[in-house]
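**Student:** To start, I am sharing the structure in question, which I have written as structure tokens.
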Amino acid sequence: MSEHALLLNASFEPLHIVSWQRALQLLFQGKVEVVEEGEREIRSVSISIRVPSVLRLIHFISLKKSKRHLVRFSRPNVFLRDHYRCQYCGQKCVRHQLTLDHIIPVVQGGRKSWENIVTSCKPCNQRKGGRTPEQASMALVKRPEEPKWLPEVSLQLGISVTPEKWKIYLNVRGGVG
């Protein structure tokens, strides 16, 4: 049973994850419509209502170019984008075995960006040192890019399993947890 609801824009794009209390508040304010209901039922003296699992805004919210990036750049989100896999040797690791690596090192003018930072295991990071992959004779498994949306970002909000009813809206195959 999820204690959260997925909030979609009027265009069905995922926007945010809200608490079930906020979901009901938005519903009673007339700002959203319920797309999917959860199993939990809330009762008062006069009404009984199923807690929403997926909500859609009635009015479209235009996301300005600067706010269009739904995925914040952060260490956990880089690990999620790279599937906890070293981008040099391809080994899947647990979080404490991983580091972030600048493809073009800062000392050589590299910047902190989605396109310049990858997940690396500690041995590969040490082997590469302050060099580019070419200088260190190391190849990248996959060229990094800025993700459009990470369904797994819900893990950062304390949700250990992506609810089944959300998967169609998040483009998740098989499951996140």
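Residues are referred to by chain and number: the chain letter is A, B, ... according to the order shown in the structure tokens, the number counts from 1 in that chain, and ligands are numbered separately from 1 in the order shown.
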Which residues are close to Gly130 (chain A), i.e. within 12 Å by only C-alpha atoms, leaving aside same-chain residues fewer than 2 positions away? Reply as a PyMOL selection string.

**Tutor:** chain A and resi 101-110+124-128+132-136

**Student:** Produce a file of the selected residues containing N, CA and C atoms, as a PDB file, in the first residue's frame.

**Tutor:**
ATOM      1  N   ASP A 101      33.241  10.218 -11.272  1.00  0.00           N
ATOM      2  CA  ASP A 101      34.461  10.555 -11.985  1.00  0.00           C
ATOM      3  C   ASP A 101      34.177  11.587 -13.065  1.00  0.00           C
ATOM      4  N   HIS A 102      35.015  12.614 -13.113  1.00  0.00           N
ATOM      5  CA  HIS A 102      34.949  13.593 -14.200  1.00  0.00           C
ATOM      6  C   HIS A 102      35.659  12.981 -15.403  1.00  0.00           C
ATOM      7  N   ILE A 103      34.968  12.843 -16.520  1.00  0.00           N
ATOM      8  CA  ILE A 103      35.596  12.294 -17.724  1.00  0.00           C
ATOM      9  C   ILE A 103      36.760  13.192 -18.121  1.00  0.00           C
ATOM     10  N   ILE A 104      36.485  14.469 -18.284  1.00  0.00           N
ATOM     11  CA  ILE A 104      37.552  15.452 -18.453  1.00  0.00           C
ATOM     12  C   ILE A 104      37.781  16.029 -17.061  1.00  0.00           C
ATOM     13  N   PRO A 105      38.947  15.742 -16.453  1.00  0.00           N
ATOM     14  CA  PRO A 105      39.194  16.186 -15.080  1.00  0.00           C
ATOM     15  C   PRO A 105      39.096  17.701 -14.918  1.00  0.00           C
ATOM     16  N   VAL A 106      38.728  18.130 -13.721  1.00  0.00           N
ATOM     17  CA  VAL A 106      38.594  19.549 -13.408  1.00  0.00           C
ATOM     18  C   VAL A 106      39.896  20.287 -13.713  1.00  0.00           C
ATOM     19  N   VAL A 107      41.036  19.659 -13.390  1.00  0.00           N
ATOM     20  CA  VAL A 107      42.338  20.302 -13.633  1.00  0.00           C
ATOM     21  C   VAL A 107      42.597  20.525 -15.125  1.00  0.00           C
ATOM     22  N   GLN A 108      41.850  19.826 -15.976  1.00  0.00           N
ATOM     23  CA  GLN A 108      41.989  20.002 -17.425  1.00  0.00           C
ATOM     24  C   GLN A 108      40.806  20.775 -18.013  1.00  0.00           C
ATOM     25  N   GLY A 109      40.045  21.420 -17.139  1.00  0.00           N
ATOM     26  CA  GLY A 109      38.927  22.248 -17.602  1.00  0.00           C
ATOM     27  C   GLY A 109      37.586  21.552 -17.623  1.00  0.00           C
ATOM     28  N   GLY A 110      37.501  20.349 -17.077  1.00  0.00           N
ATOM     29  CA  GLY A 110      36.230  19.620 -17.043  1.00  0.00           C
ATOM     30  C   GLY A 110      35.245  20.272 -16.090  1.00  0.00           C
ATOM     31  N   CYS A 124      38.885   1.663 -10.620  1.00  0.00           N
ATOM     32  CA  CYS A 124      38.962   2.322 -11.934  1.00  0.00           C
ATOM     33  C   CYS A 124      39.228   3.814 -11.778  1.00  0.00           C
ATOM     34  N   ASN A 125      38.597   4.424 -10.786  1.00  0.00           N
ATOM     35  CA  ASN A 125      38.796   5.855 -10.558  1.00  0.00           C
ATOM     36  C   ASN A 125      40.253   6.133 -10.206  1.00  0.00           C
ATOM     37  N   GLN A 126      40.841   5.286  -9.363  1.00  0.00           N
ATOM     38  CA  GLN A 126      42.254   5.457  -9.000  1.00  0.00           C
ATOM     39  C   GLN A 126      43.157   5.235 -10.205  1.00  0.00           C
ATOM     40  N   ARG A 127      42.842   4.214 -10.989  1.00  0.00           N
ATOM     41  CA  ARG A 127      43.659   3.915 -12.168  1.00  0.00           C
ATOM     42  C   ARG A 127      43.629   5.072 -13.166  1.00  0.00           C
ATOM     43  N   LYS A 128      42.449   5.681 -13.344  1.00  0.00           N
ATOM     44  CA  LYS A 128      42.314   6.793 -14.286  1.00  0.00           C
ATOM     45  C   LYS A 128      43.010   8.042 -13.764  1.00  0.00           C
ATOM     46  N   THR A 132      42.235  11.963 -18.760  1.00  0.00           N
ATOM     47  CA  THR A 132      41.027  11.641 -19.518  1.00  0.00           C
ATOM     48  C   THR A 132      41.043  10.135 -19.768  1.00  0.00           C
ATOM     49  N   PRO A 133      39.915   9.556 -20.144  1.00  0.00           N
ATOM     50  CA  PRO A 133      39.917   8.115 -20.438  1.00  0.00           C
ATOM     51  C   PRO A 133      40.933   7.752 -21.540  1.00  0.00           C
ATOM     52  N   GLU A 134      41.054   8.614 -22.545  1.00  0.00           N
ATOM     53  CA  GLU A 134      42.001   8.352 -23.630  1.00  0.00           C
ATOM     54  C   GLU A 134      43.434   8.351 -23.097  1.00  0.00           C
ATOM     55  N   GLN A 135      43.769   9.333 -22.254  1.00  0.00           N
ATOM     56  CA  GLN A 135      45.114   9.416 -21.686  1.00  0.00           C
ATOM     57  C   GLN A 135      45.425   8.209 -20.805  1.00  0.00           C
ATOM     58  N   ALA A 136      44.379   7.647 -20.165  1.00  0.00           N
ATOM     59  CA  ALA A 136      44.568   6.504 -19.265  1.00  0.00           C
ATOM     60  C   ALA A 136      44.353   5.168 -19.994  1.00  0.00           C
TER      61      ALA A 136
END

**Student:** Please list as a PyMOL selection string every residue within 8 Å of Leu24 (chain A), counting only C-alpha atoms and excluding residues in the same chain fewer than 3 positions away.

**Tutor:** chain A and resi 20-21+27-28+51-52

**Student:** For region 75-89 of chain A, please output as a PDB file with N, CA and C atoms, in the first residue's frame all residues within 8 Å (counting only C-alpha atoms; exclusion window: fewer than 2 positions along the same chain).

**Tutor:**
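Once written, part_7.pdb looks like this:
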ATOM      1  N   VAL A  71      15.064  15.974 -13.393  1.00  0.00           N
ATOM      2  CA  VAL A  71      16.032  15.196 -12.640  1.00  0.00           C
ATOM      3  C   VAL A  71      17.148  16.115 -12.168  1.00  0.00           C
ATOM      4  N   ARG A  72      17.215  16.299 -10.864  1.00  0.00           N
ATOM      5  CA  ARG A  72      18.247  17.142 -10.269  1.00  0.00           C
ATOM      6  C   ARG A  72      19.598  16.440 -10.372  1.00  0.00           C
ATOM      7  N   PHE A  73      20.639  17.195 -10.678  1.00  0.00           N
ATOM      8  CA  PHE A  73      21.975  16.617 -10.730  1.00  0.00           C
ATOM      9  C   PHE A  73      22.433  16.352  -9.299  1.00  0.00           C
ATOM     10  N   GLN A  91      31.366  -3.200 -14.123  1.00  0.00           N
ATOM     11  CA  GLN A  91      30.967  -3.968 -12.936  1.00  0.00           C
ATOM     12  C   GLN A  91      29.856  -3.259 -12.170  1.00  0.00           C
ATOM     13  N   LYS A  92      28.836  -4.024 -11.773  1.00  0.00           N
ATOM     14  CA  LYS A  92      27.755  -3.483 -10.942  1.00  0.00           C
ATOM     15  C   LYS A  92      28.239  -3.489  -9.496  1.00  0.00           C
ATOM     16  N   CYS A  93      28.033  -2.397  -8.797  1.00  0.00           N
ATOM     17  CA  CYS A  93      28.559  -2.241  -7.442  1.00  0.00           C
ATOM     18  C   CYS A  93      27.479  -1.733  -6.496  1.00  0.00           C
ATOM     19  N   VAL A  94      27.753  -1.847  -5.204  1.00  0.00           N
ATOM     20  CA  VAL A  94      26.887  -1.221  -4.212  1.00  0.00           C
ATOM     21  C   VAL A  94      27.391   0.197  -3.989  1.00  0.00           C
ATOM     22  N   ARG A  95      26.551   1.021  -3.448  1.00  0.00           N
ATOM     23  CA  ARG A  95      26.822   2.456  -3.341  1.00  0.00           C
ATOM     24  C   ARG A  95      28.180   2.781  -2.708  1.00  0.00           C
ATOM     25  N   LEU A  98      31.263   2.872  -4.944  1.00  0.00           N
ATOM     26  CA  LEU A  98      31.247   3.755  -6.104  1.00  0.00           C
ATOM     27  C   LEU A  98      31.731   5.163  -5.800  1.00  0.00           C
ATOM     28  N   LEU A 100      32.169   9.175  -8.082  1.00  0.00           N
ATOM     29  CA  LEU A 100      31.866   9.903  -9.309  1.00  0.00           C
ATOM     30  C   LEU A 100      33.183  10.290  -9.955  1.00  0.00           C
ATOM     31  N   TRP A 114      26.038  16.565 -16.382  1.00  0.00           N
ATOM     32  CA  TRP A 114      25.571  15.210 -16.671  1.00  0.00           C
ATOM     33  C   TRP A 114      26.442  14.545 -17.729  1.00  0.00           C
ATOM     34  N   ILE A 117      30.262  13.642 -16.045  1.00  0.00           N
ATOM     35  CA  ILE A 117      30.454  12.860 -14.819  1.00  0.00           C
ATOM     36  C   ILE A 117      29.787  11.495 -14.967  1.00  0.00           C
ATOM     37  N   VAL A 118      30.540  10.468 -14.579  1.00  0.00           N
ATOM     38  CA  VAL A 118      30.031   9.095 -14.654  1.00  0.00           C
ATOM     39  C   VAL A 118      30.287   8.376 -13.344  1.00  0.00           C
ATOM     40  N   THR A 119      29.585   7.271 -13.167  1.00  0.00           N
ATOM     41  CA  THR A 119      29.793   6.384 -12.028  1.00  0.00           C
ATOM     42  C   THR A 119      31.053   5.564 -12.292  1.00  0.00           C
ATOM     43  N   SER A 120      31.883   5.446 -11.262  1.00  0.00           N
ATOM     44  CA  SER A 120      33.116   4.674 -11.391  1.00  0.00           C
ATOM     45  C   SER A 120      33.340   3.882 -10.114  1.00  0.00           C
ATOM     46  N   CYS A 121      33.868   2.656 -10.265  1.00  0.00           N
ATOM     47  CA  CYS A 121      34.264   1.915  -9.064  1.00  0.00           C
ATOM     48  C   CYS A 121      35.582   2.548  -8.587  1.00  0.00           C
ATOM     49  N   CYS A 124      38.885   1.663 -10.620  1.00  0.00           N
ATOM     50  CA  CYS A 124      38.962   2.322 -11.934  1.00  0.00           C
ATOM     51  C   CYS A 124      39.228   3.814 -11.778  1.00  0.00           C
ATOM     52  N   MET A 138      41.593   3.975 -21.187  1.00  0.00           N
ATOM     53  CA  MET A 138      40.368   3.373 -20.665  1.00  0.00           C
ATOM     54  C   MET A 138      39.204   3.831 -21.540  1.00  0.00           C
ATOM     55  N   ALA A 139      38.277   2.936 -21.793  1.00  0.00           N
ATOM     56  CA  ALA A 139      37.106   3.274 -22.612  1.00  0.00           C
ATOM     57  C   ALA A 139      35.863   3.344 -21.741  1.00  0.00           C
ATOM     58  N   LEU A 140      34.961   4.230 -22.107  1.00  0.00           N
ATOM     59  CA  LEU A 140      33.678   4.323 -21.421  1.00  0.00           C
ATOM     60  C   LEU A 140      32.733   3.257 -21.948  1.00  0.00           C
ATOM     61  N   VAL A 141      31.972   2.633 -21.052  1.00  0.00           N
ATOM     62  CA  VAL A 141      30.963   1.649 -21.443  1.00  0.00           C
ATOM     63  C   VAL A 141      29.895   2.345 -22.283  1.00  0.00           C
ATOM     64  N   LYS A 142      29.464   3.532 -21.839  1.00  0.00           N
ATOM     65  CA  LYS A 142      28.412   4.288 -22.519  1.00  0.00           C
ATOM     66  C   LYS A 142      28.671   5.775 -22.318  1.00  0.00           C
ATOM     67  N   PRO A 147      19.650  12.655 -18.165  1.00  0.00           N
ATOM     68  CA  PRO A 147      18.411  11.869 -18.262  1.00  0.00           C
ATOM     69  C   PRO A 147      17.197  12.781 -18.357  1.00  0.00           C
ATOM     70  N   LEU A 150      13.894   9.970 -14.323  1.00  0.00           N
ATOM     71  CA  LEU A 150      14.336   8.759 -13.628  1.00  0.00           C
ATOM     72  C   LEU A 150      13.210   8.280 -12.723  1.00  0.00           C
ATOM     73  N   GLU A 152      13.231   5.882 -10.884  1.00  0.00           N
ATOM     74  CA  GLU A 152      13.844   5.441  -9.643  1.00  0.00           C
ATOM     75  C   GLU A 152      14.094   6.579  -8.672  1.00  0.00           C
ATOM     76  N   VAL A 153      13.950   7.818  -9.150  1.00  0.00           N
ATOM     77  CA  VAL A 153      14.149   8.956  -8.259  1.00  0.00           C
ATOM     78  C   VAL A 153      13.188   8.887  -7.084  1.00  0.00           C
TER      79      VAL A 153
END

**Student:** Hey, can you check how far CA of Leu6 (chain A) sits from CA of Leu26 (chain A)?

**Tutor:**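 About the pair CA of Leu6 (chain A) and CA of Leu26 (chain A): they are 12.2 Å apart.
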
**Student:** Could you give me, as a PyMOL selection string, each residue of region 8-161 of chain A that DSSP assigns to strand (DSSP E) when run on this structure's backbone?

**Tutor:** chain A and resi 8+14-19+32-43+48-57+98-102+117-121

**Student:** Please identify which residues in chain A DSSP calls alpha helix (DSSP H) from the backbone, and express them as an NGL selection string.

**Tutor:** :A and (20-28 or 75-81 or 122-128 or 167-170)

**Student:** So, with only C-alpha atoms as the atoms that count, which of A:Pro123, A:Arg56, A:Pro163, A:Val35 lies closest to His16 (chain A)?

**Tutor:**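 When distances to His16 (chain A) are compared using only C-alpha atoms, the smallest one comes from A:Arg56.
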
**Student:** As number ranges by chain, please: the residues near Phe12 (chain A) (cut-off 10 Å, only C-alpha atoms, same-chain neighbours under 3 positions excluded).

**Tutor:** A: 7-9, 15, 35, 55-57, 60, 169-170

**Student:** Tell me, in Å to one decimal, how far CA of Lys148 (chain A) is from CA of Glu3 (chain A).

**Tutor:** 25.3 Å

**Student:** Which of these residues is nearest to Ile17 (chain A), using only C-alpha atoms: A:Val54, A:Glu39, A:Ser48, A:Thr99?

**Tutor:**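 Among A:Val54, A:Glu39, A:Ser48, A:Thr99, it is A:Val54 that comes nearest to Ile17 (chain A).
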